[in-house]
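Q: Pasting a structure here, questions to come.
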Amino acid sequence: MCCPEIPKEEYVITKPTFFGAALKDPICVAALGKQVHAALCPNTTIVDFETGHWVQNALPDKVNEELLKWVKSVAS
């Protein structure tokens, strides 16, 4: 075996994470992303965006606003 298996207890990310859910993305389905984050990232902030896959291109000001809000919340 070339790569050791990662123990399941190491799957969980405890650091703060941010997930921007693109509610109109038919490929990266927001509900699935939210489910994964809920299970593996207990310290996550999830923000819904009413757009398709390229959230940062479709709503750059809103994404930056939400990211800045999140950064300030984890920095304090």
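Residues in the structure tokens are named by chain (A, B, ... in the order shown) and by number from 1 within that chain; ligands are numbered from 1 in the order shown.
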Write out as a PDB file with N, CA, C and O atoms, in the first residue's frame all residues of chain A that backbone DSSP assigns to alpha helix (DSSP H).
A:
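Everything below was put into out21.pdb:
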ATOM      1  N   ALA A  30     -25.951  21.854  -3.126  1.00  0.00           N
ATOM      2  CA  ALA A  30     -25.794  22.534  -1.833  1.00  0.00           C
ATOM      3  C   ALA A  30     -26.182  21.643  -0.660  1.00  0.00           C
ATOM      4  O   ALA A  30     -25.487  21.626   0.361  1.00  0.00           O
ATOM      5  N   ALA A  31     -27.265  20.895  -0.791  1.00  0.00           N
ATOM      6  CA  ALA A  31     -27.722  20.042   0.314  1.00  0.00           C
ATOM      7  C   ALA A  31     -26.668  19.011   0.688  1.00  0.00           C
ATOM      8  O   ALA A  31     -26.452  18.730   1.868  1.00  0.00           O
ATOM      9  N   LEU A  32     -25.984  18.458  -0.306  1.00  0.00           N
ATOM     10  CA  LEU A  32     -24.938  17.477  -0.031  1.00  0.00           C
ATOM     11  C   LEU A  32     -23.744  18.135   0.667  1.00  0.00           C
ATOM     12  O   LEU A  32     -23.212  17.608   1.639  1.00  0.00           O
ATOM     13  N   GLY A  33     -23.343  19.303   0.179  1.00  0.00           N
ATOM     14  CA  GLY A  33     -22.242  20.034   0.803  1.00  0.00           C
ATOM     15  C   GLY A  33     -22.548  20.389   2.254  1.00  0.00           C
ATOM     16  O   GLY A  33     -21.694  20.269   3.134  1.00  0.00           O
ATOM     17  N   LYS A  34     -23.780  20.804   2.493  1.00  0.00           N
ATOM     18  CA  LYS A  34     -24.192  21.130   3.864  1.00  0.00           C
ATOM     19  C   LYS A  34     -24.150  19.897   4.752  1.00  0.00           C
ATOM     20  O   LYS A  34     -23.732  19.966   5.912  1.00  0.00           O
ATOM     21  N   GLN A  35     -24.571  18.786   4.213  1.00  0.00           N
ATOM     22  CA  GLN A  35     -24.578  17.527   4.962  1.00  0.00           C
ATOM     23  C   GLN A  35     -23.152  17.119   5.338  1.00  0.00           C
ATOM     24  O   GLN A  35     -22.884  16.723   6.476  1.00  0.00           O
ATOM     25  N   VAL A  36     -22.241  17.217   4.393  1.00  0.00           N
ATOM     26  CA  VAL A  36     -20.834  16.865   4.653  1.00  0.00           C
ATOM     27  C   VAL A  36     -20.240  17.790   5.704  1.00  0.00           C
ATOM     28  O   VAL A  36     -19.565  17.349   6.635  1.00  0.00           O
ATOM     29  N   HIS A  37     -20.496  19.085   5.568  1.00  0.00           N
ATOM     30  CA  HIS A  37     -19.959  20.028   6.549  1.00  0.00           C
ATOM     31  C   HIS A  37     -20.542  19.784   7.944  1.00  0.00           C
ATOM     32  O   HIS A  37     -19.824  19.867   8.935  1.00  0.00           O
ATOM     33  N   ALA A  38     -21.810  19.497   8.008  1.00  0.00           N
ATOM     34  CA  ALA A  38     -22.432  19.224   9.308  1.00  0.00           C
ATOM     35  C   ALA A  38     -21.812  17.999   9.967  1.00  0.00           C
ATOM     36  O   ALA A  38     -21.602  17.967  11.181  1.00  0.00           O
ATOM     37  N   ALA A  39     -21.484  17.003   9.166  1.00  0.00           N
ATOM     38  CA  ALA A  39     -20.929  15.765   9.708  1.00  0.00           C
ATOM     39  C   ALA A  39     -19.444  15.870  10.033  1.00  0.00           C
ATOM     40  O   ALA A  39     -18.984  15.289  11.021  1.00  0.00           O
ATOM     41  N   LEU A  40     -18.688  16.604   9.226  1.00  0.00           N
ATOM     42  CA  LEU A  40     -17.230  16.581   9.360  1.00  0.00           C
ATOM     43  C   LEU A  40     -16.591  17.894   9.796  1.00  0.00           C
ATOM     44  O   LEU A  40     -15.398  17.920  10.087  1.00  0.00           O
ATOM     45  N   VAL A  55     -20.105  30.981  -7.653  1.00  0.00           N
ATOM     46  CA  VAL A  55     -20.650  31.945  -6.686  1.00  0.00           C
ATOM     47  C   VAL A  55     -19.839  33.234  -6.662  1.00  0.00           C
ATOM     48  O   VAL A  55     -20.395  34.336  -6.703  1.00  0.00           O
ATOM     49  N   GLN A  56     -18.540  33.108  -6.614  1.00  0.00           N
ATOM     50  CA  GLN A  56     -17.667  34.286  -6.483  1.00  0.00           C
ATOM     51  C   GLN A  56     -17.733  35.181  -7.722  1.00  0.00           C
ATOM     52  O   GLN A  56     -17.465  36.374  -7.628  1.00  0.00           O
ATOM     53  N   ASN A  57     -18.088  34.618  -8.869  1.00  0.00           N
ATOM     54  CA  ASN A  57     -18.237  35.428 -10.084  1.00  0.00           C
ATOM     55  C   ASN A  57     -19.632  36.045 -10.170  1.00  0.00           C
ATOM     56  O   ASN A  57     -19.779  37.169 -10.641  1.00  0.00           O
ATOM     57  N   ALA A  58     -20.631  35.303  -9.743  1.00  0.00           N
ATOM     58  CA  ALA A  58     -22.009  35.766  -9.840  1.00  0.00           C
ATOM     59  C   ALA A  58     -22.341  36.832  -8.791  1.00  0.00           C
ATOM     60  O   ALA A  58     -23.065  37.783  -9.085  1.00  0.00           O
ATOM     61  N   PRO A  60     -19.914  38.603  -6.396  1.00  0.00           N
ATOM     62  CA  PRO A  60     -18.636  38.891  -5.732  1.00  0.00           C
ATOM     63  C   PRO A  60     -18.761  39.771  -4.487  1.00  0.00           C
ATOM     64  O   PRO A  60     -18.110  39.508  -3.470  1.00  0.00           O
ATOM     65  N   ASP A  61     -19.598  40.793  -4.545  1.00  0.00           N
ATOM     66  CA  ASP A  61     -19.731  41.686  -3.386  1.00  0.00           C
ATOM     67  C   ASP A  61     -20.352  40.957  -2.198  1.00  0.00           C
ATOM     68  O   ASP A  61     -19.902  41.121  -1.057  1.00  0.00           O
ATOM     69  N   LYS A  62     -21.366  40.149  -2.462  1.00  0.00           N
ATOM     70  CA  LYS A  62     -22.032  39.404  -1.384  1.00  0.00           C
ATOM     71  C   LYS A  62     -21.085  38.362  -0.787  1.00  0.00           C
ATOM     72  O   LYS A  62     -21.020  38.197   0.434  1.00  0.00           O
ATOM     73  N   VAL A  63     -20.343  37.658  -1.644  1.00  0.00           N
ATOM     74  CA  VAL A  63     -19.382  36.662  -1.151  1.00  0.00           C
ATOM     75  C   VAL A  63     -18.326  37.343  -0.293  1.00  0.00           C
ATOM     76  O   VAL A  63     -18.014  36.886   0.810  1.00  0.00           O
ATOM     77  N   ASN A  64     -17.772  38.454  -0.777  1.00  0.00           N
ATOM     78  CA  ASN A  64     -16.755  39.168   0.001  1.00  0.00           C
ATOM     79  C   ASN A  64     -17.312  39.679   1.322  1.00  0.00           C
ATOM     80  O   ASN A  64     -16.625  39.622   2.352  1.00  0.00           O
ATOM     81  N   GLU A  65     -18.533  40.154   1.304  1.00  0.00           N
ATOM     82  CA  GLU A  65     -19.180  40.632   2.530  1.00  0.00           C
ATOM     83  C   GLU A  65     -19.308  39.495   3.552  1.00  0.00           C
ATOM     84  O   GLU A  65     -18.970  39.667   4.727  1.00  0.00           O
ATOM     85  N   GLU A  66     -19.772  38.352   3.096  1.00  0.00           N
ATOM     86  CA  GLU A  66     -19.962  37.218   4.002  1.00  0.00           C
ATOM     87  C   GLU A  66     -18.626  36.652   4.489  1.00  0.00           C
ATOM     88  O   GLU A  66     -18.491  36.268   5.652  1.00  0.00           O
ATOM     89  N   LEU A  67     -17.638  36.594   3.593  1.00  0.00           N
ATOM     90  CA  LEU A  67     -16.313  36.117   4.004  1.00  0.00           C
ATOM     91  C   LEU A  67     -15.675  37.060   5.023  1.00  0.00           C
ATOM     92  O   LEU A  67     -15.087  36.603   6.012  1.00  0.00           O
ATOM     93  N   LEU A  68     -15.803  38.360   4.805  1.00  0.00           N
ATOM     94  CA  LEU A  68     -15.239  39.324   5.752  1.00  0.00           C
ATOM     95  C   LEU A  68     -15.919  39.208   7.101  1.00  0.00           C
ATOM     96  O   LEU A  68     -15.264  39.212   8.146  1.00  0.00           O
ATOM     97  N   LYS A  69     -17.232  39.050   7.107  1.00  0.00           N
ATOM     98  CA  LYS A  69     -17.975  38.863   8.347  1.00  0.00           C
ATOM     99  C   LYS A  69     -17.472  37.611   9.070  1.00  0.00           C
ATOM    100  O   LYS A  69     -17.253  37.624  10.283  1.00  0.00           O
ATOM    101  N   TRP A  70     -17.272  36.522   8.309  1.00  0.00           N
ATOM    102  CA  TRP A  70     -16.789  35.272   8.905  1.00  0.00           C
ATOM    103  C   TRP A  70     -15.363  35.431   9.440  1.00  0.00           C
ATOM    104  O   TRP A  70     -15.077  35.004  10.561  1.00  0.00           O
ATOM    105  N   VAL A  71     -14.478  36.048   8.667  1.00  0.00           N
ATOM    106  CA  VAL A  71     -13.092  36.251   9.113  1.00  0.00           C
ATOM    107  C   VAL A  71     -13.075  37.046  10.412  1.00  0.00           C
ATOM    108  O   VAL A  71     -12.352  36.711  11.354  1.00  0.00           O
ATOM    109  N   LYS A  72     -13.854  38.104  10.469  1.00  0.00           N
ATOM    110  CA  LYS A  72     -13.913  38.919  11.698  1.00  0.00           C
ATOM    111  C   LYS A  72     -14.433  38.109  12.869  1.00  0.00           C
ATOM    112  O   LYS A  72     -13.958  38.276  13.996  1.00  0.00           O
ATOM    113  N   SER A  73     -15.393  37.221  12.618  1.00  0.00           N
ATOM    114  CA  SER A  73     -15.945  36.417  13.717  1.00  0.00           C
ATOM    115  C   SER A  73     -14.942  35.398  14.243  1.00  0.00           C
ATOM    116  O   SER A  73     -14.932  35.114  15.443  1.00  0.00           O
ATOM    117  N   VAL A  74     -14.099  34.851  13.387  1.00  0.00           N
ATOM    118  CA  VAL A  74     -13.123  33.865  13.870  1.00  0.00           C
ATOM    119  C   VAL A  74     -11.856  34.532  14.385  1.00  0.00           C
ATOM    120  O   VAL A  74     -11.113  33.919  15.164  1.00  0.00           O
ATOM    121  N   ALA A  75     -11.617  35.778  13.987  1.00  0.00           N
ATOM    122  CA  ALA A  75     -10.431  36.491  14.450  1.00  0.00           C
ATOM    123  C   ALA A  75     -10.629  37.109  15.823  1.00  0.00           C
ATOM    124  O   ALA A  75      -9.658  37.456  16.497  1.00  0.00           O
TER     125      ALA A  75
END
Q: Work out how far apart CA of Thr45 in chain A and CA of Ser76 in chain A are and give it in Å to one decimal.
A: 15.1 Å
Q: Mind pulling up the distance from CA of Phe18 in chain A to CA of Thr51 in chain A?
A: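 Interatomic distance, CA of Thr51 in chain A to CA of Phe18 in chain A: 16.9 Å.
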Q: Find the residues near Ile46 in chain A: any atom within 8 Å, counting only C-alpha atoms, skip ones fewer than 2 places away on the same chain, and give them as a list in words.
A: Phe18, Phe19, Gly20, Ala21, Lys34, Thr44 and Asp48 of chain A
Q: Quick one: write out the picked residues with N, CA, C and O atoms as a PDB file, in the first residue's frame?
A:
ATOM      1  N   PHE A  18     -15.666  27.778   6.418  1.00  0.00           N
ATOM      2  CA  PHE A  18     -16.717  28.542   5.759  1.00  0.00           C
ATOM      3  C   PHE A  18     -17.156  27.760   4.534  1.00  0.00           C
ATOM      4  O   PHE A  18     -16.330  27.320   3.741  1.00  0.00           O
ATOM      5  N   PHE A  19     -18.462  27.599   4.376  1.00  0.00           N
ATOM      6  CA  PHE A  19     -19.002  26.937   3.190  1.00  0.00           C
ATOM      7  C   PHE A  19     -20.060  27.826   2.573  1.00  0.00           C
ATOM      8  O   PHE A  19     -21.069  28.141   3.201  1.00  0.00           O
ATOM      9  N   GLY A  20     -19.807  28.251   1.337  1.00  0.00           N
ATOM     10  CA  GLY A  20     -20.786  29.019   0.579  1.00  0.00           C
ATOM     11  C   GLY A  20     -21.588  28.062  -0.281  1.00  0.00           C
ATOM     12  O   GLY A  20     -21.062  27.480  -1.224  1.00  0.00           O
ATOM     13  N   ALA A  21     -22.839  27.876   0.069  1.00  0.00           N
ATOM     14  CA  ALA A  21     -23.698  26.926  -0.633  1.00  0.00           C
ATOM     15  C   ALA A  21     -24.373  27.601  -1.822  1.00  0.00           C
ATOM     16  O   ALA A  21     -25.155  28.534  -1.655  1.00  0.00           O
ATOM     17  N   LYS A  34     -23.780  20.804   2.493  1.00  0.00           N
ATOM     18  CA  LYS A  34     -24.192  21.130   3.864  1.00  0.00           C
ATOM     19  C   LYS A  34     -24.150  19.897   4.752  1.00  0.00           C
ATOM     20  O   LYS A  34     -23.732  19.966   5.912  1.00  0.00           O
ATOM     21  N   THR A  44     -18.391  24.985  11.526  1.00  0.00           N
ATOM     22  CA  THR A  44     -18.506  25.602  10.208  1.00  0.00           C
ATOM     23  C   THR A  44     -19.595  26.666  10.177  1.00  0.00           C
ATOM     24  O   THR A  44     -20.558  26.605  10.936  1.00  0.00           O
ATOM     25  N   ASP A  48     -25.920  30.539   2.457  1.00  0.00           N
ATOM     26  CA  ASP A  48     -26.601  30.214   1.208  1.00  0.00           C
ATOM     27  C   ASP A  48     -26.500  31.373   0.225  1.00  0.00           C
ATOM     28  O   ASP A  48     -26.678  32.536   0.596  1.00  0.00           O
TER      29      ASP A  48
END
Q: Between A:Val47, A:Leu59, A:Cys41, A:Cys28, which is the closest to Ile13 in chain A once you count only C-alpha atoms?
A: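 Answer, going by the shortest atom-to-atom distance: A:Cys41.
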Q: Separation of CA of Pro42 in chain A and CA of Thr17 in chain A, in Å?
A: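 According to the coordinates, CA of Pro42 in chain A and CA of Thr17 in chain A are separated by 8.8 Å.
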